[in-house]
Amino acid sequence: MKNSTEYKEIVAAVTECKGADFELKSLKIRLPKNDEVLVKIVATGMCHTDLIVRDQYYPVPLPAVLGHEGSGIVEAIGSNVTELEVGDHVVLTYGYCGKCAQCNTGNPAYCSEFFGRNFSGADLQGNNAICTHDHQAVHDHFFSQSSFATYALSRENNAIKVSKEVPIELLGPLGCGKQTGAGASINALKVSPGSSFVTWGAGAVGLSALLAAKACGASTIIAVDIVDSRLQLAEELGATHVINSKTQDPVAAIKEITNGGVNFALESTGRPDILTFGVDALGILGKIAIVGAPPLGTLAQFDVNDLLLGGKTILGVVEGSGVPKKFIPELVELFKQGKFPFDKLVKFYSFDEMNLAAIDSHEGTTLKPIIKIN
Ligand code: NAD
Ligand code: ZN
């Protein structure tokens, strides 16, 4: 760092080592160049993925600034930015190259550089934008943003401009959890009117998928979880049936409710035993989307002939399989029309309550924490 005027002072929540509490620290961030934008973070969702990275299920190098559901206001832009202006409201989503075979065919969530751009703890050249006051690099670029901070550096293609008519502090979770759940139902499973749908796990992602399945016209909507308060919320949001899998055999219950098996399912618990149940509970030609993320290397079992003879499909789904520039504004529109009331899932916390938010999320008392930063 030769020229200190190229940096801005920030406060960031740092994860020092595996499983550690978030610690607020005074740091510096480099100003944007080329296609980068500096965003003043107004608020950021906390997603289960932040917590599994804190706990090192995914090997993002630490110490790092995590956070990947940032929303805020464009503060400064690099010289190649053409579509964003200072003052725009943006939702930050995952990074993608925009040039590979998948990006070119409308599948940026499967970008060939996905891991490097989202989980490497640096930019693609291995450089960091955040450092301490004595110039020690801190791992960043988490989901091309690291939004647990007062300012975040992202790129033009993953800072999605949104309407100023909706409070920006609410919209960060559309960048990951809400987009993942809603997109799994709308883009990946393509839930059809009159069909049956089950979410295994009634957390932030599962209930977003449930809301979207309802918007798609599913008529039998089932939620499975082990936390009664989450099942109660699922009912309030439109579940026609709820199952506590601690007290009831969920596969038998689903087969009974759906007369033999469910059409569409979402696995959002991140547990291989639940995936086995999920495949078993599908009806003929049923489809299950996997979004829950277990530790790397986890294997799951299913009966090959059951899958084969039933014509069943298992789909892996990253970030809802949509195009964020199109899909996030569409979700904002559905929200404005009252068809995607994801605000019922959120609870706000202040920046110094990050660890409380993580505990509440882990214990199931809060579905989607949003941390107010600025
Ligand atoms: P969450 O913790 O809010 O939800 C998980 C739910 O599963 C909880 O309600 C929990 O009670 C329930 N559950 C746990 N064990 C269960 C069991 N044995 N039976 C039934 N229910 C059980 O987490 P979230 O934010 O909704 O995220 C869900 C998963 O999706 C996480 O693994 C997260 O890392 C992953 N995720 C994936 C993507 C993606 O792109 N694929 C994006 C965002 C999140
Ligand atoms: Zn996430």
# chains A, B, ... in the order shown; residues from 1 in each chain; ligands from 1
>>> residues_near_ligand(ligand="ligand 2", cutoff="10 Å", atoms="only C-alpha atoms and all ligand atoms", output="list in words")
Gly45, Met46, Cys47, His48, Thr49, Asp50, Leu51, Ile52, Gly67, His68, Glu69, Thr93, Tyr94, Phe143, Pro173, Leu174, Gly175, Cys176, Gly177, Lys178, Gln179, Thr180, Ala204, Val205, Val318 and Glu319 of chain A
>>> write_last_selection(atoms="C-alpha atoms", output="PDB file, in the first residue's frame")
ATOM      1  CA  GLY A  45     -28.372 -10.659   5.548  1.00  0.00           C
ATOM      2  CA  MET A  46     -26.672 -13.438   7.470  1.00  0.00           C
ATOM      3  CA  CYS A  47     -26.986 -16.780   5.665  1.00  0.00           C
ATOM      4  CA  HIS A  48     -26.332 -20.280   6.912  1.00  0.00           C
ATOM      5  CA  THR A  49     -23.443 -20.377   4.403  1.00  0.00           C
ATOM      6  CA  ASP A  50     -21.641 -17.606   6.367  1.00  0.00           C
ATOM      7  CA  LEU A  51     -21.856 -19.806   9.436  1.00  0.00           C
ATOM      8  CA  ILE A  52     -20.687 -23.015   7.734  1.00  0.00           C
ATOM      9  CA  GLY A  67     -21.025 -11.730   4.484  1.00  0.00           C
ATOM     10  CA  HIS A  68     -22.656 -12.227   1.099  1.00  0.00           C
ATOM     11  CA  GLU A  69     -26.144 -10.713   1.248  1.00  0.00           C
ATOM     12  CA  THR A  93     -25.000 -11.236  -5.314  1.00  0.00           C
ATOM     13  CA  TYR A  94     -22.414 -13.929  -6.121  1.00  0.00           C
ATOM     14  CA  PHE A 143     -18.972 -13.983  -2.796  1.00  0.00           C
ATOM     15  CA  PRO A 173     -31.129 -11.564   1.310  1.00  0.00           C
ATOM     16  CA  LEU A 174     -32.418 -11.475  -2.278  1.00  0.00           C
ATOM     17  CA  GLY A 175     -28.727 -11.750  -3.265  1.00  0.00           C
ATOM     18  CA  CYS A 176     -28.439 -15.290  -1.875  1.00  0.00           C
ATOM     19  CA  GLY A 177     -30.897 -17.082   0.419  1.00  0.00           C
ATOM     20  CA  LYS A 178     -34.148 -15.719  -1.016  1.00  0.00           C
ATOM     21  CA  GLN A 179     -32.900 -15.987  -4.593  1.00  0.00           C
ATOM     22  CA  THR A 180     -31.770 -19.575  -3.914  1.00  0.00           C
ATOM     23  CA  ALA A 204     -34.801 -19.055   5.279  1.00  0.00           C
ATOM     24  CA  VAL A 205     -34.118 -20.892   2.006  1.00  0.00           C
ATOM     25  CA  VAL A 318     -26.713 -23.129  -6.937  1.00  0.00           C
ATOM     26  CA  GLU A 319     -28.168 -19.724  -6.062  1.00  0.00           C
TER      27      GLU A 319
END
>>> residues_near_ligand(ligand="ligand 1", cutoff="7 Å", atoms="only C-alpha atoms and all ligand atoms", output="ChimeraX atom specification")
/A:47-49,52,176-177,180,200-206,224-227,230,245,268-271,274,290-294,317-320,361-362,364,367-368
>>> write_last_selection(atoms="N, CA and C atoms", output="compact mmCIF listing (two decimals), in the first residue's frame")
# COMPACT_ATOMS: atom_id res chain seq x y z
N CYS A 47 -26.48 -15.53 6.26
CA CYS A 47 -26.99 -16.78 5.66
C CYS A 47 -26.30 -17.94 6.37
N HIS A 48 -26.94 -19.09 6.32
CA HIS A 48 -26.33 -20.28 6.91
C HIS A 48 -24.94 -20.54 6.32
N THR A 49 -24.74 -20.15 5.06
CA THR A 49 -23.44 -20.38 4.40
C THR A 49 -22.34 -19.56 5.08
N ILE A 52 -21.43 -21.78 8.02
CA ILE A 52 -20.69 -23.02 7.73
C ILE A 52 -19.27 -22.69 7.24
N CYS A 176 -28.81 -13.87 -2.05
CA CYS A 176 -28.44 -15.29 -1.87
C CYS A 176 -29.61 -16.15 -1.43
N GLY A 177 -29.93 -16.12 -0.13
CA GLY A 177 -30.90 -17.08 0.42
C GLY A 177 -32.27 -17.05 -0.24
N THR A 180 -32.00 -18.13 -3.83
CA THR A 180 -31.77 -19.57 -3.91
C THR A 180 -33.08 -20.34 -3.76
N TRP A 200 -38.00 -29.76 2.57
CA TRP A 200 -37.33 -30.43 3.70
C TRP A 200 -36.45 -29.36 4.33
N GLY A 201 -36.87 -28.84 5.48
CA GLY A 201 -36.19 -27.71 6.13
C GLY A 201 -37.01 -26.46 5.89
N ALA A 202 -37.52 -25.89 6.99
CA ALA A 202 -38.32 -24.66 6.89
C ALA A 202 -37.51 -23.49 7.41
N GLY A 203 -36.29 -23.36 6.90
CA GLY A 203 -35.44 -22.23 7.24
C GLY A 203 -35.64 -21.12 6.21
N ALA A 204 -34.67 -20.22 6.16
CA ALA A 204 -34.80 -19.06 5.28
C ALA A 204 -34.91 -19.48 3.82
N VAL A 205 -34.09 -20.45 3.40
CA VAL A 205 -34.12 -20.89 2.01
C VAL A 205 -35.39 -21.70 1.74
N GLY A 206 -35.68 -22.64 2.63
CA GLY A 206 -36.85 -23.51 2.43
C GLY A 206 -38.15 -22.72 2.37
N VAL A 224 -41.41 -29.71 6.15
CA VAL A 224 -40.88 -30.65 7.15
C VAL A 224 -39.77 -29.94 7.91
N ASP A 225 -39.80 -30.00 9.23
CA ASP A 225 -38.71 -29.43 10.03
C ASP A 225 -38.76 -30.11 11.39
N ILE A 226 -37.82 -29.73 12.27
CA ILE A 226 -37.81 -30.28 13.63
C ILE A 226 -38.08 -29.18 14.66
N VAL A 227 -38.33 -27.95 14.16
CA VAL A 227 -38.59 -26.82 15.06
C VAL A 227 -40.05 -26.39 14.86
N ARG A 230 -40.98 -22.91 13.44
CA ARG A 230 -40.75 -22.75 11.99
C ARG A 230 -41.90 -23.37 11.21
N SER A 245 -40.50 -33.94 11.82
CA SER A 245 -39.91 -35.25 11.54
C SER A 245 -39.30 -35.88 12.79
N SER A 268 -33.22 -28.65 1.89
CA SER A 268 -32.51 -27.45 2.37
C SER A 268 -31.91 -27.64 3.75
N THR A 269 -31.86 -28.89 4.24
CA THR A 269 -31.29 -29.10 5.57
C THR A 269 -29.78 -29.32 5.51
N GLY A 270 -29.26 -29.69 4.35
CA GLY A 270 -27.82 -30.00 4.24
C GLY A 270 -27.46 -31.34 4.87
N ARG A 271 -28.47 -32.23 5.01
CA ARG A 271 -28.22 -33.54 5.65
C ARG A 271 -28.44 -34.67 4.65
N ILE A 274 -31.58 -36.82 5.14
CA ILE A 274 -32.82 -36.17 4.70
C ILE A 274 -32.96 -36.25 3.18
N ILE A 290 -31.52 -30.08 -4.70
CA ILE A 290 -30.65 -30.02 -3.51
C ILE A 290 -30.05 -28.62 -3.42
N VAL A 291 -30.32 -27.93 -2.30
CA VAL A 291 -29.64 -26.66 -2.06
C VAL A 291 -28.83 -26.70 -0.76
N GLY A 292 -29.24 -27.55 0.19
CA GLY A 292 -28.54 -27.63 1.48
C GLY A 292 -27.11 -28.10 1.29
N ALA A 293 -26.19 -27.49 2.01
CA ALA A 293 -24.76 -27.73 1.78
C ALA A 293 -24.11 -28.44 2.96
N PRO A 294 -23.83 -29.75 2.84
CA PRO A 294 -23.09 -30.47 3.90
C PRO A 294 -21.59 -30.25 3.72
N VAL A 317 -28.72 -27.41 -7.17
CA VAL A 317 -29.10 -26.03 -7.52
C VAL A 317 -28.21 -25.03 -6.77
N VAL A 318 -27.51 -24.21 -7.52
CA VAL A 318 -26.71 -23.13 -6.94
C VAL A 318 -27.47 -21.81 -7.12
N GLU A 319 -27.65 -21.11 -6.02
CA GLU A 319 -28.17 -19.72 -6.06
C GLU A 319 -29.44 -19.57 -6.90
N GLY A 320 -30.24 -20.63 -6.97
CA GLY A 320 -31.55 -20.53 -7.62
C GLY A 320 -31.53 -20.62 -9.13
N SER A 361 -30.02 -17.56 14.88
CA SER A 361 -30.21 -18.30 13.63
C SER A 361 -29.96 -19.79 13.87
N HIS A 362 -28.88 -20.09 14.59
CA HIS A 362 -28.52 -21.49 14.87
C HIS A 362 -29.62 -22.16 15.71
N GLY A 364 -32.69 -21.40 15.82
CA GLY A 364 -33.97 -21.47 15.11
C GLY A 364 -34.96 -20.40 15.53
N LEU A 367 -35.26 -16.59 11.64
CA LEU A 367 -35.12 -17.24 10.34
C LEU A 367 -34.05 -16.59 9.49
N LYS A 368 -34.21 -15.30 9.28
CA LYS A 368 -33.27 -14.58 8.43
C LYS A 368 -32.83 -13.32 9.16
>>> select_by_dssp(residues="range 12-189 of chain A", states="alpha helix (DSSP H)", output="JSON, numbers by chain")
{"A": [48, 49, 50, 51, 52, 53, 54, 101, 102, 103, 104, 114, 115, 116, 117, 118, 119, 177, 178, 179, 180, 181, 182, 183]}
>>> residues_around(residues="range 324-338 of chain A", least_positions_apart="2", cutoff="10 Å", atoms="only C-alpha atoms", output="ChimeraX atom specification")
/A:91-94,106-109,157-163,165-166,171,174-176,178-179,182-183,187,212,215,319-322,340-343
>>> closest_residue(among="A:Ile130, A:Ala43, A:Val304, A:Ala218", to="Ile168 in chain A", atoms="only C-alpha atoms")
A:Ala43
>>> select_by_dssp(residues="range 109-238 of chain A", states="strand (DSSP E or B)", output="MDAnalysis selection string")
chainID A and resid 130:131 137:139 149 151:155 159:161 196:200 220:225
>>> closest_residue(among="A:Lys255, A:Lys28, A:His141, A:Lys347", to="Leu153 in chain A", atoms="only C-alpha atoms")
A:His141
>>> closest_residue(among="A:Asn374, A:Ser219, A:Asn355, A:Ser112", to="Gly19 in chain A", atoms="only C-alpha atoms")
A:Asn355
>>> atom_distance(atom1="CA of Asn305 in chain A", atom2="CA of Leu285 in chain A")
13.3 Å
>>> decode(residues="range 309-320 of chain A", atoms="all heavy atoms", output="short mmCIF file (atom, residue, chain, number, x, y, z; two decimals), in the first residue's frame")
data_model
loop_
_atom_site.label_atom_id
_atom_site.label_comp_id
_atom_site.auth_asym_id
_atom_site.auth_seq_id
_atom_site.Cartn_x
_atom_site.Cartn_y
_atom_site.Cartn_z
N LEU A 309 -37.01 -46.62 -12.04
CA LEU A 309 -38.37 -47.02 -12.44
C LEU A 309 -39.38 -45.89 -12.24
O LEU A 309 -40.38 -45.80 -12.94
CB LEU A 309 -38.80 -48.27 -11.66
CG LEU A 309 -37.92 -49.50 -11.95
CD1 LEU A 309 -38.23 -50.64 -10.99
CD2 LEU A 309 -38.11 -49.98 -13.39
N GLY A 310 -39.08 -45.00 -11.27
CA GLY A 310 -39.99 -43.89 -11.03
C GLY A 310 -39.71 -42.67 -11.92
O GLY A 310 -40.44 -41.67 -11.86
N GLY A 311 -38.65 -42.75 -12.71
CA GLY A 311 -38.30 -41.59 -13.56
C GLY A 311 -38.03 -40.34 -12.73
O GLY A 311 -38.33 -39.22 -13.15
N LYS A 312 -37.45 -40.55 -11.54
CA LYS A 312 -37.24 -39.41 -10.62
C LYS A 312 -35.99 -38.62 -11.00
O LYS A 312 -35.07 -39.17 -11.62
CB LYS A 312 -37.08 -39.94 -9.18
CG LYS A 312 -38.32 -40.67 -8.65
CD LYS A 312 -38.09 -41.18 -7.23
CE LYS A 312 -39.35 -41.87 -6.70
NZ LYS A 312 -39.16 -42.33 -5.29
N THR A 313 -35.96 -37.36 -10.63
CA THR A 313 -34.81 -36.49 -10.96
C THR A 313 -34.25 -35.87 -9.68
O THR A 313 -35.01 -35.36 -8.85
CB THR A 313 -35.25 -35.34 -11.89
OG1 THR A 313 -35.89 -35.89 -13.03
CG2 THR A 313 -34.08 -34.49 -12.32
N ILE A 314 -32.92 -35.89 -9.55
CA ILE A 314 -32.23 -35.17 -8.47
C ILE A 314 -31.43 -34.05 -9.12
O ILE A 314 -30.62 -34.30 -10.00
CB ILE A 314 -31.26 -36.08 -7.69
CG1 ILE A 314 -31.98 -37.33 -7.17
CG2 ILE A 314 -30.59 -35.32 -6.56
CD1 ILE A 314 -31.03 -38.33 -6.48
N LEU A 315 -31.68 -32.81 -8.69
CA LEU A 315 -31.03 -31.64 -9.31
C LEU A 315 -30.19 -30.91 -8.27
O LEU A 315 -30.70 -30.57 -7.20
CB LEU A 315 -32.09 -30.60 -9.68
CG LEU A 315 -33.05 -30.78 -10.81
CD1 LEU A 315 -34.14 -29.73 -10.69
CD2 LEU A 315 -32.27 -30.57 -12.09
N GLY A 316 -28.93 -30.62 -8.58
CA GLY A 316 -28.17 -29.72 -7.71
C GLY A 316 -28.50 -28.30 -8.14
O GLY A 316 -28.59 -28.01 -9.34
N VAL A 317 -28.72 -27.41 -7.17
CA VAL A 317 -29.10 -26.03 -7.52
C VAL A 317 -28.21 -25.03 -6.77
O VAL A 317 -28.17 -25.02 -5.54
CB VAL A 317 -30.58 -25.76 -7.20
CG1 VAL A 317 -30.93 -24.31 -7.50
CG2 VAL A 317 -31.48 -26.69 -8.01
N VAL A 318 -27.51 -24.21 -7.52
CA VAL A 318 -26.71 -23.13 -6.94
C VAL A 318 -27.47 -21.81 -7.12
O VAL A 318 -27.91 -21.50 -8.24
CB VAL A 318 -25.32 -23.04 -7.61
CG1 VAL A 318 -24.54 -21.85 -7.08
CG2 VAL A 318 -24.54 -24.33 -7.39
N GLU A 319 -27.65 -21.11 -6.02
CA GLU A 319 -28.17 -19.72 -6.06
C GLU A 319 -29.44 -19.57 -6.90
O GLU A 319 -29.68 -18.52 -7.50
CB GLU A 319 -27.07 -18.78 -6.57
CG GLU A 319 -25.87 -18.71 -5.64
CD GLU A 319 -26.14 -17.96 -4.35
OE1 GLU A 319 -27.07 -17.14 -4.29
OE2 GLU A 319 -25.40 -18.22 -3.37
N GLY A 320 -30.24 -20.63 -6.97
CA GLY A 320 -31.55 -20.53 -7.62
C GLY A 320 -31.53 -20.62 -9.13
O GLY A 320 -32.58 -20.44 -9.77
#
